[in-house]
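A.B. asks: Data file structure_18.cif (mmCIF, C-alpha atoms) is appended below.
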```cif
data_input
#
loop_
_atom_site.label_atom_id
_atom_site.label_comp_id
_atom_site.auth_asym_id
_atom_site.auth_seq_id
_atom_site.Cartn_x
_atom_site.Cartn_y
_atom_site.Cartn_z
CA MET X 998 17.37 16.95 -2.43
CA ALA X 999 17.54 15.35 0.99
CA ALA X 1000 20.09 16.23 3.63
CA VAL X 1001 21.25 12.96 5.25
CA GLU X 1002 21.74 12.72 8.97
CA ARG X 1003 23.15 9.51 10.46
CA VAL X 1004 22.32 8.87 14.10
CA GLY X 1005 23.80 5.75 15.69
CA LEU X 1006 21.66 4.52 18.54
CA HIS X 1007 23.07 1.23 19.76
CA CYS X 1008 23.53 -0.54 23.07
CA SER X 1009 26.30 -2.99 23.95
CA THR X 1010 24.60 -6.25 22.92
CA CYS X 1011 22.04 -7.22 20.35
CA ARG X 1012 18.83 -9.04 21.23
CA PRO X 1013 18.96 -12.62 19.90
CA VAL X 1014 16.66 -13.19 16.96
CA PRO X 1015 15.16 -16.49 15.81
CA MET X 1016 15.29 -15.85 12.05
CA ALA X 1017 18.02 -15.17 9.51
CA LEU X 1018 16.30 -12.43 7.51
CA SER X 1019 16.93 -8.85 8.61
CA ILE X 1020 14.24 -6.17 8.49
CA SER X 1021 14.47 -2.47 7.77
CA VAL X 1022 11.59 -0.12 8.55
CA ALA X 1023 10.92 2.65 6.01
CA LEU X 1024 9.14 5.27 8.12
CA CYS X 1025 7.87 8.42 6.40
CA SER X 1026 6.84 11.54 8.25
CA HIS X 1027 5.33 14.94 7.63
CA ASN X 1028 4.37 17.07 10.64
CA GLY X 1029 3.70 13.91 12.61
CA ALA X 1030 4.94 14.89 16.07
CA ARG X 1031 1.59 14.09 17.69
CA TYR X 1032 1.70 10.36 16.93
CA ILE X 1033 5.14 9.33 15.69
CA GLY X 1034 6.59 8.65 19.15
CA GLU X 1035 3.98 6.00 19.86
CA GLN X 1036 4.58 4.38 16.48
CA VAL X 1037 8.36 4.22 17.03
CA GLN X 1038 7.79 2.66 20.45
CA SER X 1039 5.58 -0.02 18.90
CA ILE X 1040 8.30 -0.77 16.34
CA CYS X 1041 10.89 -1.12 19.09
CA ARG X 1042 8.67 -3.48 21.05
CA GLN X 1043 8.41 -6.03 18.27
CA THR X 1044 9.22 -9.56 19.38
CA PHE X 1045 11.38 -9.73 16.24
CA PRO X 1046 12.76 -6.18 16.04
CA PRO X 1047 14.15 -4.55 12.90
CA VAL X 1048 17.84 -3.86 12.45
CA GLU X 1049 17.20 -0.27 11.39
CA ILE X 1050 14.64 2.48 10.99
CA VAL X 1051 15.07 4.78 8.01
CA LEU X 1052 13.05 7.93 8.67
CA SER X 1053 12.39 10.06 5.61
CA ASP X 1054 10.92 13.37 6.71
CA ASP X 1055 9.05 15.37 4.09
CA ALA X 1056 9.79 19.00 4.95
CA SER X 1057 8.11 18.94 8.37
CA THR X 1058 7.72 22.19 10.26
CA ASP X 1059 7.18 20.48 13.62
CA ASP X 1060 9.61 18.47 15.75
CA CYS X 1061 8.51 14.99 14.65
CA VAL X 1062 12.06 13.87 13.86
CA SER X 1063 13.31 14.68 17.35
CA VAL X 1064 10.19 13.08 18.86
CA ALA X 1065 10.93 9.89 16.90
CA GLN X 1066 14.56 9.91 17.98
CA LEU X 1067 13.63 10.42 21.63
CA ALA X 1068 11.11 7.56 21.46
CA LEU X 1069 13.79 5.26 20.05
CA GLU X 1070 16.37 6.29 22.67
CA THR X 1071 13.85 5.79 25.46
CA SER X 1072 12.81 2.37 24.16
CA MET X 1073 16.41 1.22 23.90
CA ARG X 1074 17.07 2.24 27.51
CA GLU X 1075 13.98 0.37 28.64
CA LEU X 1076 14.73 -2.77 26.58
CA PRO X 1077 18.27 -3.95 27.38
CA GLY X 1078 19.86 -5.77 24.46
CA LEU X 1079 17.85 -3.94 21.81
CA LYS X 1080 19.93 -2.66 18.91
CA ILE X 1081 18.29 -0.64 16.14
CA GLY X 1082 20.10 1.65 13.73
CA PHE X 1083 18.49 5.00 13.00
CA ARG X 1084 18.97 7.04 9.86
CA VAL X 1085 17.22 10.31 9.02
CA LEU X 1086 16.68 11.76 5.56
CA ARG X 1087 15.42 15.35 5.67
CA ASN X 1088 13.70 16.85 2.63
CA THR X 1089 13.93 20.61 2.48
CA THR X 1090 11.28 20.55 -0.27
CA ALA X 1091 8.40 18.11 0.11
CA LEU X 1092 8.55 15.09 -2.22
CA ARG X 1093 4.98 13.99 -1.43
CA VAL X 1094 3.98 10.49 -0.36
CA THR X 1095 5.09 8.27 -3.26
CA LYS X 1096 8.51 9.81 -3.79
CA ASN X 1097 9.14 10.13 -0.07
CA PHE X 1098 8.58 6.41 0.36
CA GLU X 1099 10.76 5.75 -2.68
CA GLN X 1100 13.54 7.66 -0.98
CA ALA X 1101 13.05 5.77 2.28
CA VAL X 1102 13.03 2.26 0.81
CA SER X 1103 16.01 3.05 -1.43
CA ALA X 1104 18.05 3.78 1.70
CA CYS X 1105 17.09 0.54 3.48
CA SER X 1106 19.64 -2.28 3.81
CA GLY X 1107 17.63 -5.13 5.34
CA ASP X 1108 16.58 -8.29 3.51
CA LEU X 1109 12.96 -7.30 4.11
CA ILE X 1110 11.45 -3.81 4.18
CA ALA X 1111 8.43 -2.87 6.28
CA LEU X 1112 6.56 0.25 5.24
CA SER X 1113 5.45 2.44 8.12
CA ASP X 1114 3.20 5.46 8.41
CA GLN X 1115 3.89 7.95 11.17
CA ASP X 1116 0.61 7.57 13.05
CA ASP X 1117 -0.16 3.86 13.43
CA VAL X 1118 0.63 1.33 16.16
CA TRP X 1119 2.00 -2.14 15.42
CA HIS X 1120 0.99 -5.24 17.35
CA PRO X 1121 4.08 -6.79 19.03
CA GLU X 1122 4.06 -9.97 16.89
CA ARG X 1123 3.59 -8.19 13.57
CA LEU X 1124 7.12 -8.48 12.20
CA ALA X 1125 7.74 -11.95 13.63
CA GLN X 1126 4.55 -13.33 12.13
CA MET X 1127 5.20 -11.80 8.72
CA ALA X 1128 8.93 -12.55 8.56
CA ALA X 1129 8.23 -16.21 9.33
CA GLU X 1130 6.26 -16.42 6.07
CA PHE X 1131 9.25 -15.15 4.09
CA GLU X 1132 11.57 -17.58 5.87
CA LYS X 1133 9.56 -20.61 4.78
CA ARG X 1134 8.51 -19.30 1.32
CA PRO X 1135 11.50 -18.24 -0.85
CA ASP X 1136 9.17 -17.27 -3.70
CA LEU X 1137 7.21 -14.79 -1.59
CA LEU X 1138 7.96 -11.20 -2.66
CA LEU X 1139 5.35 -9.16 -0.81
CA LEU X 1140 2.98 -9.79 2.09
CA HIS X 1141 0.26 -7.56 3.50
CA SER X 1142 -2.39 -7.90 6.18
CA ASP X 1143 -5.61 -6.59 7.59
CA ALA X 1144 -5.66 -3.85 10.24
CA ARG X 1145 -7.92 -2.61 13.01
CA LEU X 1146 -9.28 0.89 12.42
CA VAL X 1147 -8.96 3.26 15.37
CA ASP X 1148 -9.49 6.98 15.83
CA GLY X 1149 -6.92 9.59 16.77
CA GLU X 1150 -7.00 8.48 20.41
CA ARG X 1151 -6.79 4.77 19.46
CA ARG X 1152 -10.46 4.15 20.20
CA ASP X 1153 -11.76 1.17 18.23
CA LEU X 1154 -13.93 2.25 15.30
CA GLY X 1155 -15.62 -1.14 15.19
CA GLN X 1156 -14.31 -2.31 11.83
CA SER X 1157 -11.24 -3.66 10.15
CA LEU X 1158 -9.43 -2.23 7.14
CA PHE X 1159 -10.71 -5.04 4.92
CA HIS X 1160 -14.27 -4.36 6.08
CA ALA X 1161 -13.86 -0.67 5.20
CA LEU X 1162 -12.53 -1.62 1.76
CA GLU X 1163 -15.37 -4.11 1.27
CA VAL X 1164 -12.90 -6.87 0.54
CA LYS X 1165 -14.61 -10.02 -0.71
CA GLN X 1166 -13.55 -13.52 0.28
CA PHE X 1167 -12.99 -14.49 -3.35
CA GLU X 1168 -10.45 -11.67 -3.66
CA LEU X 1169 -8.50 -13.01 -0.68
CA ASP X 1170 -8.78 -16.55 -2.03
CA TRP X 1171 -7.40 -15.47 -5.40
CA ILE X 1172 -4.41 -13.85 -3.69
CA HIS X 1173 -3.80 -16.98 -1.61
CA VAL X 1174 -3.68 -19.21 -4.70
CA GLY X 1175 -1.33 -16.97 -6.68
CA GLN X 1176 -3.78 -14.82 -8.63
CA ALA X 1177 -2.94 -11.50 -6.97
CA PHE X 1178 -2.30 -9.82 -10.32
CA ASP X 1179 -5.89 -10.54 -11.37
CA VAL X 1180 -7.14 -8.98 -8.14
CA PHE X 1181 -4.97 -5.89 -8.48
CA LEU X 1182 -6.08 -5.33 -12.08
CA ARG X 1183 -9.56 -4.86 -10.62
CA ARG X 1184 -8.51 -2.68 -7.67
CA ASN X 1185 -5.70 -2.30 -5.15
CA LEU X 1186 -6.15 -4.07 -1.80
CA VAL X 1187 -2.64 -3.49 -0.44
CA THR X 1188 -2.21 -0.78 2.18
CA GLY X 1189 1.41 0.20 2.67
CA ALA X 1190 1.14 0.46 6.45
CA THR X 1191 0.46 -3.30 6.57
CA THR X 1192 3.11 -4.34 4.03
CA LEU X 1193 6.42 -6.21 4.20
CA PHE X 1194 8.42 -7.06 1.07
CA ARG X 1195 11.79 -8.37 -0.04
CA ARG X 1196 14.29 -5.66 -0.85
CA SER X 1197 15.04 -7.51 -4.09
CA LEU X 1198 11.64 -6.30 -5.38
CA LEU X 1199 13.14 -2.83 -5.72
CA GLU X 1200 15.28 -4.05 -8.64
CA HIS X 1201 12.07 -4.17 -10.66
CA ALA X 1202 9.94 -1.50 -8.96
CA LEU X 1203 12.30 1.49 -8.84
CA PRO X 1204 11.75 4.24 -9.69
CA PHE X 1205 8.13 4.62 -8.58
CA PRO X 1206 6.00 6.51 -11.12
CA LYS X 1207 4.56 9.65 -9.56
CA GLU X 1208 1.17 8.73 -11.02
CA TRP X 1209 0.97 5.69 -8.74
CA ILE X 1210 0.70 5.42 -4.96
CA HIS X 1211 3.77 3.58 -3.67
CA ASP X 1212 1.93 0.65 -2.09
CA GLU X 1213 -0.27 -0.19 -5.09
CA TRP X 1214 2.75 0.07 -7.39
CA LEU X 1215 4.89 -2.27 -5.26
CA ALA X 1216 2.00 -4.72 -4.99
CA ILE X 1217 1.16 -4.98 -8.67
CA VAL X 1218 4.81 -5.15 -9.77
CA ALA X 1219 5.43 -7.88 -7.17
CA SER X 1220 2.40 -9.81 -8.41
CA SER X 1221 3.73 -9.53 -11.98
CA VAL X 1222 7.16 -11.06 -11.28
CA GLY X 1223 6.62 -13.18 -8.15
CA ARG X 1224 4.29 -14.27 -5.39
CA VAL X 1225 2.14 -11.95 -3.27
CA ASP X 1226 0.08 -13.14 -0.32
CA VAL X 1227 -2.09 -11.74 2.44
CA LEU X 1228 -2.52 -12.46 6.14
CA GLU X 1229 -6.11 -11.98 7.18
CA ASP X 1230 -5.06 -11.07 10.74
CA GLU X 1231 -5.28 -7.48 12.01
CA LEU X 1232 -1.61 -6.81 12.74
CA ILE X 1233 -1.65 -3.04 13.23
CA GLU X 1234 -3.90 -0.31 14.54
CA TYR X 1235 -4.55 1.89 11.51
CA ARG X 1236 -5.32 5.34 12.86
CA GLN X 1237 -8.04 7.39 11.13
CA HIS X 1238 -8.01 11.12 11.86
CA GLY X 1239 -8.29 14.48 10.16
CA GLY X 1240 -4.63 14.54 9.20
CA ASN X 1241 -4.47 11.28 7.24
CA GLN X 1242 -2.87 11.69 3.83
CA ILE X 1243 -4.41 8.35 2.85
CA GLY X 1244 -7.09 6.72 4.97
CA ALA X 1245 -9.82 4.08 4.87
CA ARG X 1246 -13.51 4.62 5.47
CA ARG X 1247 -16.34 2.42 4.24
CA ASP X 1248 -18.78 4.29 2.03
CA THR X 1249 -22.35 4.55 3.19
CA PHE X 1250 -25.15 3.68 0.74
CA LEU X 1251 -25.77 7.40 0.24
CA GLY X 1252 -22.09 7.92 -0.43
CA LYS X 1253 -22.14 5.23 -3.11
CA VAL X 1254 -25.13 6.89 -4.75
CA ARG X 1255 -23.34 10.24 -4.76
CA LYS X 1256 -20.31 8.64 -6.40
CA ALA X 1257 -22.48 7.00 -9.04
CA LEU X 1258 -23.96 10.37 -9.98
CA ALA X 1259 -20.81 12.46 -9.59
CA SER X 1260 -18.70 13.72 -12.46
CA ARG X 1261 -16.12 11.21 -13.65
CA GLY X 1262 -13.74 14.00 -14.61
CA ASP X 1263 -10.47 12.51 -15.85
CA THR X 1264 -10.61 9.43 -13.60
CA HIS X 1265 -10.53 6.90 -16.42
CA VAL X 1266 -7.94 8.84 -18.38
CA LYS X 1267 -5.65 8.71 -15.34
CA ARG X 1268 -6.30 5.00 -14.86
CA ALA X 1269 -5.42 4.33 -18.49
CA ILE X 1270 -2.20 6.32 -18.13
CA LYS X 1271 -1.28 4.35 -15.00
CA ALA X 1272 -1.89 1.07 -16.80
CA GLU X 1273 0.22 2.22 -19.74
CA LEU X 1274 3.08 3.12 -17.39
CA LEU X 1275 2.83 -0.31 -15.83
CA LEU X 1276 2.87 -1.96 -19.25
CA ASP X 1277 6.04 -0.07 -20.16
CA ARG X 1278 7.71 -1.24 -16.94
CA LEU X 1279 6.66 -4.87 -17.33
CA LEU X 1280 7.78 -4.98 -20.96
CA SER X 1281 11.18 -3.70 -19.83
CA LEU X 1282 11.47 -6.73 -17.51
CA GLY X 1283 11.41 -9.16 -20.43
CA ASP X 1284 11.00 -12.84 -19.64
CA LEU X 1285 10.40 -12.16 -15.94
CA VAL X 1286 6.78 -11.35 -16.82
CA ALA X 1287 4.49 -14.00 -18.30
CA ALA X 1288 2.92 -13.36 -21.70
CA ASP X 1289 -0.61 -13.77 -20.35
CA THR X 1290 0.11 -11.09 -17.72
CA ILE X 1291 1.03 -8.67 -20.51
CA GLN X 1292 -2.10 -9.62 -22.46
CA LYS X 1293 -4.36 -9.03 -19.44
CA LEU X 1294 -2.79 -5.61 -18.94
CA ARG X 1295 -3.33 -4.67 -22.59
CA GLU X 1296 -7.01 -5.60 -22.21
CA LYS X 1297 -7.19 -3.48 -19.05
CA ILE X 1298 -5.85 -0.50 -21.01
CA GLU X 1299 -8.46 -1.01 -23.73
CA HIS X 1300 -11.21 -1.11 -21.10
CA GLN X 1301 -10.03 2.09 -19.43
CA ARG X 1302 -9.76 3.87 -22.75
CA PHE X 1303 -13.31 2.76 -23.56
CA ARG X 1304 -14.61 4.19 -20.28
CA ALA X 1305 -12.68 7.44 -20.78
CA ALA X 1306 -14.21 7.92 -24.23
CA LEU X 1307 -17.87 7.43 -23.26
CA PRO X 1308 -20.10 10.25 -24.57
CA PRO X 1309 -21.54 12.93 -22.28
CA SER X 1310 -25.13 11.87 -23.00
CA ARG X 1311 -26.35 9.20 -20.59
CA LEU X 1312 -28.74 7.89 -23.25
CA ALA X 1313 -25.95 7.56 -25.80
CA ARG X 1314 -23.89 5.52 -23.33
CA CYS X 1315 -26.46 2.78 -22.83
CA VAL X 1316 -25.70 0.56 -25.82
CA PRO X 1317 -21.86 0.75 -25.67
CA VAL X 1318 -21.82 0.21 -21.88
CA LEU X 1319 -24.09 -2.82 -22.14
CA ARG X 1320 -21.98 -4.24 -24.96
CA GLU X 1321 -18.85 -3.77 -22.88
CA ALA X 1322 -20.57 -5.41 -19.92
CA MET X 1323 -21.31 -8.48 -22.06
CA THR X 1324 -17.56 -8.93 -22.69
CA GLY X 1325 -17.02 -9.44 -18.95
CA ARG X 1326 -14.45 -6.64 -18.71
CA TYR X 1327 -16.33 -4.74 -16.01
CA ASN X 1328 -15.93 -7.80 -13.80
CA LYS X 1329 -12.39 -8.55 -14.95
CA PHE X 1330 -11.01 -5.04 -14.57
CA GLY X 1331 -13.33 -3.36 -12.09
CA ARG X 1332 -16.09 -3.99 -9.60
CA GLY X 1333 -18.65 -5.42 -11.98
CA THR X 1334 -22.16 -4.03 -11.74
CA ARG X 1335 -20.96 -1.06 -9.70
CA GLY X 1336 -18.83 0.09 -12.64
CA VAL X 1337 -21.67 -0.42 -15.11
CA VAL X 1338 -24.02 1.69 -13.00
CA ARG X 1339 -21.47 4.46 -12.64
CA ASP X 1340 -20.81 4.58 -16.37
CA LEU X 1341 -24.54 4.75 -17.09
CA PHE X 1342 -25.41 7.45 -14.59
CA GLU X 1343 -22.38 9.56 -13.68
CA SER X 1344 -22.10 13.07 -15.08
CA VAL X 1345 -19.24 14.18 -17.29
#
```
Kindly present the structure from the file in structure tokens form.

C.D. replies:
Amino acid sequence: MAAVERVGLHCSTCRPVPMALSISVALCSHNGARYIGEQVQSICRQTFPPVEIVLSDDASTDDCVSVAQLALETSMRELPGLKIGFRVLRNTTALRVTKNFEQAVSACSGDLIALSDQDDVWHPERLAQMAAEFEKRPDLLLLHSDARLVDGERRDLGQSLFHALEVKQFELDWIHVGQAFDVFLRRNLVTGATTLFRRSLLEHALPFPKEWIHDEWLAIVASSVGRVDVLEDELIEYRQHGGNQIGARRDTFLGKVRKALASRGDTHVKRAIKAELLLDRLLSLGDLVAADTIQKLREKIEHQRFRAALPPSRLARCVPVLREAMTGRYNKFGRGTRGVVRDLFESV
């Protein structure tokens, strides 16, 4: 249960804005005092600033909430005309990432909601550039972008988020032409820290299943009922450090080999359960979801169940894995040859 604290931080006049849509920022924190001030400052310095920041703090033991509030107060003194509401939700017991973000977005009132981690830095044009897409595209439900990876001190790590995730151009092209659902059935490419979405999406996405990460859930539900797109620009600095709850690092070749030989544990069982939860949600939405979307998801569930049921013996897996590969499902619902190799060689 969250204790709600309302803090009004307003100045006498509001900065003129060029667009009609309002933006709320859903900022989640947990012991983030080291970085959260810089992130709040970068939010305040947007050329198209949000109307509010909803900070949902997940049982922090440091002073990150007061650091965030001070950063906002300081920014508003330094930027005459800036007006941003500030609301704090304090969790006495930690909800963890997915449910903490669910709480934050549920409290937002803007037309658009920007997800924010506590330790990143936004480029000044981020919200303006993304909001402009929603202004001109009424069918757009969710938009995400690339990011620049930096270390704890904001030193450039020499790669983008999409590079770290090994995003392929065909995946971006599919998203651009309206096939985001097909991409997300293979793997999630949406990082919450880069995401902006219409608040109306929450009618279909709430509540978030605890088995899913909030960003991948929002993305695949949005792609099921509306349009998702991606900006290939790096619009934030995505900080990578020892305290990341979720980060992004590109695997080395040796790392990929280790994964291929590692135990699969209950990975595929969990993926099947997630797909089944998604199917239940999409079926509950009725005619909002196309029949072929439902059919693709049913096939995804069959594929995950097949992978979960593979025998312990590597030799005994050879024929069924090769048969499954010939159906095209490894390409349709995973990363193709990489999945085949893992299923042939990983331990159980």

A.B. asks: Written as a PyMOL selection string, which residues does the PyMOL selection byres ((chain X and resi 1214) around 12) give for the file shown?

C.D. replies: chain X and resi 1095-1096+1098-1099+1139+1178+1181-1182+1184-1189+1198-1199+1201-1213+1215-1221+1271-1272+1274-1275+1278-1279

A.B. asks: Could you save those same residues with C-alpha atoms as a PDB file, in the frame of the given file?

C.D. replies:
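To be explicit, this is the file written out as out-v9.pdb:
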```pdb
ATOM      1  CA  THR X1095       5.090   8.270  -3.260  1.00  0.00           C
ATOM      2  CA  LYS X1096       8.510   9.810  -3.790  1.00  0.00           C
ATOM      3  CA  PHE X1098       8.580   6.410   0.360  1.00  0.00           C
ATOM      4  CA  GLU X1099      10.760   5.750  -2.680  1.00  0.00           C
ATOM      5  CA  LEU X1139       5.350  -9.160  -0.810  1.00  0.00           C
ATOM      6  CA  PHE X1178      -2.300  -9.820 -10.320  1.00  0.00           C
ATOM      7  CA  PHE X1181      -4.970  -5.890  -8.480  1.00  0.00           C
ATOM      8  CA  LEU X1182      -6.080  -5.330 -12.080  1.00  0.00           C
ATOM      9  CA  ARG X1184      -8.510  -2.680  -7.670  1.00  0.00           C
ATOM     10  CA  ASN X1185      -5.700  -2.300  -5.150  1.00  0.00           C
ATOM     11  CA  LEU X1186      -6.150  -4.070  -1.800  1.00  0.00           C
ATOM     12  CA  VAL X1187      -2.640  -3.490  -0.440  1.00  0.00           C
ATOM     13  CA  THR X1188      -2.210  -0.780   2.180  1.00  0.00           C
ATOM     14  CA  GLY X1189       1.410   0.200   2.670  1.00  0.00           C
ATOM     15  CA  LEU X1198      11.640  -6.300  -5.380  1.00  0.00           C
ATOM     16  CA  LEU X1199      13.140  -2.830  -5.720  1.00  0.00           C
ATOM     17  CA  HIS X1201      12.070  -4.170 -10.660  1.00  0.00           C
ATOM     18  CA  ALA X1202       9.940  -1.500  -8.960  1.00  0.00           C
ATOM     19  CA  LEU X1203      12.300   1.490  -8.840  1.00  0.00           C
ATOM     20  CA  PRO X1204      11.750   4.240  -9.690  1.00  0.00           C
ATOM     21  CA  PHE X1205       8.130   4.620  -8.580  1.00  0.00           C
ATOM     22  CA  PRO X1206       6.000   6.510 -11.120  1.00  0.00           C
ATOM     23  CA  LYS X1207       4.560   9.650  -9.560  1.00  0.00           C
ATOM     24  CA  GLU X1208       1.170   8.730 -11.020  1.00  0.00           C
ATOM     25  CA  TRP X1209       0.970   5.690  -8.740  1.00  0.00           C
ATOM     26  CA  ILE X1210       0.700   5.420  -4.960  1.00  0.00           C
ATOM     27  CA  HIS X1211       3.770   3.580  -3.670  1.00  0.00           C
ATOM     28  CA  ASP X1212       1.930   0.650  -2.090  1.00  0.00           C
ATOM     29  CA  GLU X1213      -0.270  -0.190  -5.090  1.00  0.00           C
ATOM     30  CA  LEU X1215       4.890  -2.270  -5.260  1.00  0.00           C
ATOM     31  CA  ALA X1216       2.000  -4.720  -4.990  1.00  0.00           C
ATOM     32  CA  ILE X1217       1.160  -4.980  -8.670  1.00  0.00           C
ATOM     33  CA  VAL X1218       4.810  -5.150  -9.770  1.00  0.00           C
ATOM     34  CA  ALA X1219       5.430  -7.880  -7.170  1.00  0.00           C
ATOM     35  CA  SER X1220       2.400  -9.810  -8.410  1.00  0.00           C
ATOM     36  CA  SER X1221       3.730  -9.530 -11.980  1.00  0.00           C
ATOM     37  CA  LYS X1271      -1.280   4.350 -15.000  1.00  0.00           C
ATOM     38  CA  ALA X1272      -1.890   1.070 -16.800  1.00  0.00           C
ATOM     39  CA  LEU X1274       3.080   3.120 -17.390  1.00  0.00           C
ATOM     40  CA  LEU X1275       2.830  -0.310 -15.830  1.00  0.00           C
ATOM     41  CA  ARG X1278       7.710  -1.240 -16.940  1.00  0.00           C
ATOM     42  CA  LEU X1279       6.660  -4.870 -17.330  1.00  0.00           C
TER      43      LEU X1279
END
```

A.B. asks: What does the distance between CA of Ile1291 in chain X and CA of Asp1179 in chain X come to in Å, to one decimal place?

C.D. replies: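 Between these atoms lies a distance of 11.6 Å.
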
A.B. asks: Which residues are close to range 1103-1109 of chain X, i.e. within 6 Å by all atoms listed in the file, leaving aside same-chain residues fewer than 3 positions away? Reply as a list in words.

C.D. replies: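 Surrounding residues, per the criterion: Leu1018, Ser1019, Ile1020, Ser1021, Gln1100, Phe1194, Arg1195 and Arg1196 of chain X.
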
A.B. asks: Go ahead and save the picked residues with C-alpha atoms, as an mmCIF file, in the frame of the given file.

C.D. replies:
```
data_model
loop_
_atom_site.group_PDB
_atom_site.id
_atom_site.type_symbol
_atom_site.label_atom_id
_atom_site.label_comp_id
_atom_site.auth_asym_id
_atom_site.auth_seq_id
_atom_site.Cartn_x
_atom_site.Cartn_y
_atom_site.Cartn_z
ATOM 1 C CA LEU X 1018 16.300 -12.430 7.510
ATOM 2 C CA SER X 1019 16.930 -8.850 8.610
ATOM 3 C CA ILE X 1020 14.240 -6.170 8.490
ATOM 4 C CA SER X 1021 14.470 -2.470 7.770
ATOM 5 C CA GLN X 1100 13.540 7.660 -0.980
ATOM 6 C CA PHE X 1194 8.420 -7.060 1.070
ATOM 7 C CA ARG X 1195 11.790 -8.370 -0.040
ATOM 8 C CA ARG X 1196 14.290 -5.660 -0.850
#
```

A.B. asks: Under the rule that only C-alpha atoms are counted, which of X:Ala1144, X:Val1266, X:Ile1040, X:Val1022 is the nearest residue to Val1227 in chain X?

C.D. replies: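 Closest residue, counting only C-alpha atoms: X:Ala1144.
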
A.B. asks: Skipping near chain neighbours, those fewer than 2 positions away, what residues fall within 10 Å of Gln1301 in chain X using all atoms listed in the file, listed as a PyMOL selection string?

C.D. replies: chain X and resi 1264-1270+1272+1296-1299+1303-1306+1326-1327+1330-1331

A.B. asks: Kindly give the distance, in Å, that separates CA of Ala1065 in chain X and CA of Met1127 in chain X, rounded to a single decimal.

C.D. replies: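 Distance reported for this atom pair: 23.9 Å.
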
A.B. asks: Give me the residues near Val1174 in chain X as number ranges by chain, where near means some atom within 10 Å (using all atoms listed in the file) and where sequence neighbours in that chain fewer than 3 positions away do not count.

C.D. replies: X: 1169-1171, 1177, 1224-1226

A.B. asks: Pick out the residues sitting within 7 Å of range 1069-1073 of chain X, and hand them over as JSON, numbers by chain; count all atoms listed in the file, and ignore anything fewer than 4 positions along from it in its own chain.

C.D. replies: {"X": [1006, 1037, 1038, 1041, 1065, 1077, 1079]}

A.B. asks: Find the residue from X:Ala1056, X:Leu1307, X:Leu1112, X:Ile1033 that sits nearest to Asp1263 in chain X; use only C-alpha atoms when measuring.

C.D. replies: X:Leu1307

A.B. asks: Kindly provide, as JSON, the centre and edge lengths (Å, one decimal) of an axis-aligned box around all atoms of range 1320-1332 of chain X given in the file, with 4 Å on each side.

C.D. replies:
```
{"center_x": -16.5, "center_y": -6.4, "center_z": -17.3, "size_x": 19.0, "size_y": 14.1, "size_z": 23.4}
```

A.B. asks: Between X:Leu1137, X:Ala1023, X:Val1147, X:Leu1092, which has the minimum distance to Ser1057 in chain X (counting all atoms listed in the file)?

C.D. replies: X:Leu1092

A.B. asks: Could you state the separation of CA of Val1338 in chain X and CA of Lys1293 in chain X in Å, given to one decimal place?

C.D. replies: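 These atoms are spaced 23.3 Å apart.
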
A.B. asks: So that I can see what lies close to range 1164-1167 of chain X, please list as number ranges by chain the residues with an atom at most 10 Å from it, counting all atoms listed in the file and leaving out residues fewer than 5 positions away in the same chain.

C.D. replies: X: 1158-1159, 1172-1173, 1180, 1186

A.B. asks: Some atoms are absent from range 1180-1187 of chain X, so rebuild N, CA, C and O atoms and return them as a short mmCIF file (atom, residue, chain, number, x, y, z; two decimals), in the coordinates of the input.

C.D. replies:
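This went into part_13.cif:
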```
data_model
loop_
_atom_site.label_atom_id
_atom_site.label_comp_id
_atom_site.auth_asym_id
_atom_site.auth_seq_id
_atom_site.Cartn_x
_atom_site.Cartn_y
_atom_site.Cartn_z
N VAL X 1180 -6.44 -9.81 -9.13
CA VAL X 1180 -7.14 -8.98 -8.14
C VAL X 1180 -6.75 -7.52 -8.30
O VAL X 1180 -7.60 -6.63 -8.33
N PHE X 1181 -5.46 -7.27 -8.45
CA PHE X 1181 -4.97 -5.89 -8.48
C PHE X 1181 -5.31 -5.18 -9.79
O PHE X 1181 -5.30 -3.95 -9.85
N LEU X 1182 -5.58 -5.96 -10.86
CA LEU X 1182 -6.08 -5.33 -12.08
C LEU X 1182 -7.47 -4.75 -11.86
O LEU X 1182 -7.87 -3.80 -12.53
N ARG X 1183 -8.23 -5.34 -10.93
CA ARG X 1183 -9.56 -4.86 -10.62
C ARG X 1183 -9.48 -3.64 -9.69
O ARG X 1183 -10.12 -2.63 -9.92
N ARG X 1184 -8.69 -3.77 -8.62
CA ARG X 1184 -8.51 -2.68 -7.67
C ARG X 1184 -7.39 -3.04 -6.70
O ARG X 1184 -7.09 -4.22 -6.48
N ASN X 1185 -6.77 -2.05 -6.11
CA ASN X 1185 -5.70 -2.30 -5.15
C ASN X 1185 -6.29 -2.65 -3.79
O ASN X 1185 -7.20 -1.99 -3.29
N LEU X 1186 -5.75 -3.70 -3.16
CA LEU X 1186 -6.15 -4.07 -1.80
C LEU X 1186 -5.00 -3.96 -0.81
O LEU X 1186 -5.17 -4.27 0.37
N VAL X 1187 -3.84 -3.52 -1.28
CA VAL X 1187 -2.64 -3.49 -0.44
C VAL X 1187 -2.45 -2.10 0.16
O VAL X 1187 -2.28 -1.13 -0.57
#
```
